[in-house]
Amino acid sequence: MNGEDLRDEYIDAMLDRITSVRYPSHELIERAEHIVYKREQAERLVRYLISTVDNVQYPSHQIMDRIERILFPFPGRQPMS
């Protein structure tokens, strides 16, 4: 098993743990947010995060911030003149 395979196995195990519970630890989500490096991994994490705020009257702003950081890493705003 090479280094990339080990990274993938670790990230998959972390994502499995996150997505298997209703309220995963914020620390675990933060770790995943910082280490996912493949599109499929990021999509899996974002889909789960979106499912936690979808159809909720008062969604977590922390989770919404995480979703936005992953989906929009570089704001497309132009500096004001």
# chains A, B, ... in the order shown; residues from 1 in each chain; ligands from 1
call {"tool": "residues_around", "arguments": {"residues": "Asp12 in chain A", "least_positions_apart": "5", "cutoff": "9 Å", "atoms": "only C-alpha atoms", "output": "VMD selection string"}}
result
chain A and resid 7 17 41
call {"tool": "write_last_selection", "arguments": {"atoms": "all heavy atoms", "output": "compact mmCIF listing (two decimals), in the first residue's frame"}}
result
# COMPACT_ATOMS: atom_id res chain seq x y z
N ARG A 7 -3.55 7.52 2.77
CA ARG A 7 -4.29 8.78 2.98
C ARG A 7 -5.76 8.58 2.65
O ARG A 7 -6.64 9.01 3.40
CB ARG A 7 -3.70 9.90 2.12
CG ARG A 7 -2.43 10.49 2.66
CD ARG A 7 -2.03 11.75 1.92
NE ARG A 7 -1.81 11.55 0.51
CZ ARG A 7 -0.63 11.24 -0.05
NH1 ARG A 7 0.44 11.13 0.70
NH2 ARG A 7 -0.52 11.07 -1.35
N ARG A 17 -17.02 7.90 9.74
CA ARG A 17 -17.37 8.24 11.13
C ARG A 17 -18.25 9.48 11.18
O ARG A 17 -19.22 9.54 11.93
CB ARG A 17 -16.11 8.45 11.95
CG ARG A 17 -16.40 8.79 13.39
CD ARG A 17 -15.15 8.76 14.19
NE ARG A 17 -14.77 7.36 14.35
CZ ARG A 17 -14.35 6.85 15.49
NH1 ARG A 17 -14.22 7.61 16.54
NH2 ARG A 17 -14.03 5.58 15.57
N GLN A 41 -13.97 13.19 -2.28
CA GLN A 41 -13.98 13.30 -0.82
C GLN A 41 -14.67 14.60 -0.40
O GLN A 41 -15.49 14.60 0.51
CB GLN A 41 -12.55 13.27 -0.28
CG GLN A 41 -11.85 11.96 -0.54
CD GLN A 41 -10.35 12.06 -0.35
OE1 GLN A 41 -9.78 13.15 -0.37
NE2 GLN A 41 -9.70 10.93 -0.17
call {"tool": "closest_atom_pairs", "arguments": {"of": "range 3-38 of chain A", "to": "range 59-66 of chain A", "cutoff": "9 Å", "atoms": "only C-alpha atoms", "output": "JSON lines"}}
result
{"residue": "A:His26", "atom": "CA", "partner": "A:Ile63", "partner_atom": "CA", "distance": 8.9}
{"residue": "A:Ile29", "atom": "CA", "partner": "A:Arg66", "partner_atom": "CA", "distance": 8.9}
{"residue": "A:Glu30", "atom": "CA", "partner": "A:Arg66", "partner_atom": "CA", "distance": 8.3}
{"residue": "A:Glu33", "atom": "CA", "partner": "A:Arg66", "partner_atom": "CA", "distance": 7.7}
call {"tool": "residues_around", "arguments": {"residues": "Asp16 in chain A", "least_positions_apart": "6", "cutoff": "10 Å", "atoms": "only C-alpha atoms", "output": "NGL selection string"}}
result
:A and (10 or 44-45)
call {"tool": "write_last_selection", "arguments": {"atoms": "all heavy atoms", "output": "short mmCIF file (atom, residue, chain, number, x, y, z; two decimals), in the first residue's frame"}}
result
data_model
loop_
_atom_site.label_atom_id
_atom_site.label_comp_id
_atom_site.auth_asym_id
_atom_site.auth_seq_id
_atom_site.Cartn_x
_atom_site.Cartn_y
_atom_site.Cartn_z
N TYR A 10 -7.51 6.56 5.35
CA TYR A 10 -7.71 7.37 6.56
C TYR A 10 -8.87 8.35 6.37
O TYR A 10 -9.74 8.46 7.23
CB TYR A 10 -6.42 8.11 6.90
CG TYR A 10 -6.55 9.03 8.09
CD1 TYR A 10 -6.66 8.52 9.38
CD2 TYR A 10 -6.57 10.41 7.92
CE1 TYR A 10 -6.79 9.36 10.48
CE2 TYR A 10 -6.70 11.26 9.02
CZ TYR A 10 -6.80 10.73 10.29
OH TYR A 10 -6.93 11.56 11.36
N ARG A 44 -18.40 14.36 -0.96
CA ARG A 44 -19.04 13.53 0.07
C ARG A 44 -19.23 14.33 1.36
O ARG A 44 -20.30 14.30 1.97
CB ARG A 44 -18.20 12.29 0.34
CG ARG A 44 -18.80 11.36 1.35
CD ARG A 44 -17.97 10.11 1.51
NE ARG A 44 -18.51 9.31 2.60
CZ ARG A 44 -17.84 8.33 3.18
NH1 ARG A 44 -16.65 7.99 2.75
NH2 ARG A 44 -18.38 7.67 4.18
N LEU A 45 -18.20 15.07 1.76
CA LEU A 45 -18.29 15.89 2.96
C LEU A 45 -19.34 16.98 2.81
O LEU A 45 -20.19 17.17 3.69
CB LEU A 45 -16.93 16.48 3.30
CG LEU A 45 -16.86 17.37 4.54
CD1 LEU A 45 -17.31 16.63 5.79
CD2 LEU A 45 -15.45 17.93 4.71
#
call {"tool": "closest_residue", "arguments": {"among": "A:Leu6, A:Leu49, A:Leu71, A:Val56", "to": "Pro24 in chain A", "atoms": "only C-alpha atoms"}}
result
A:Leu49
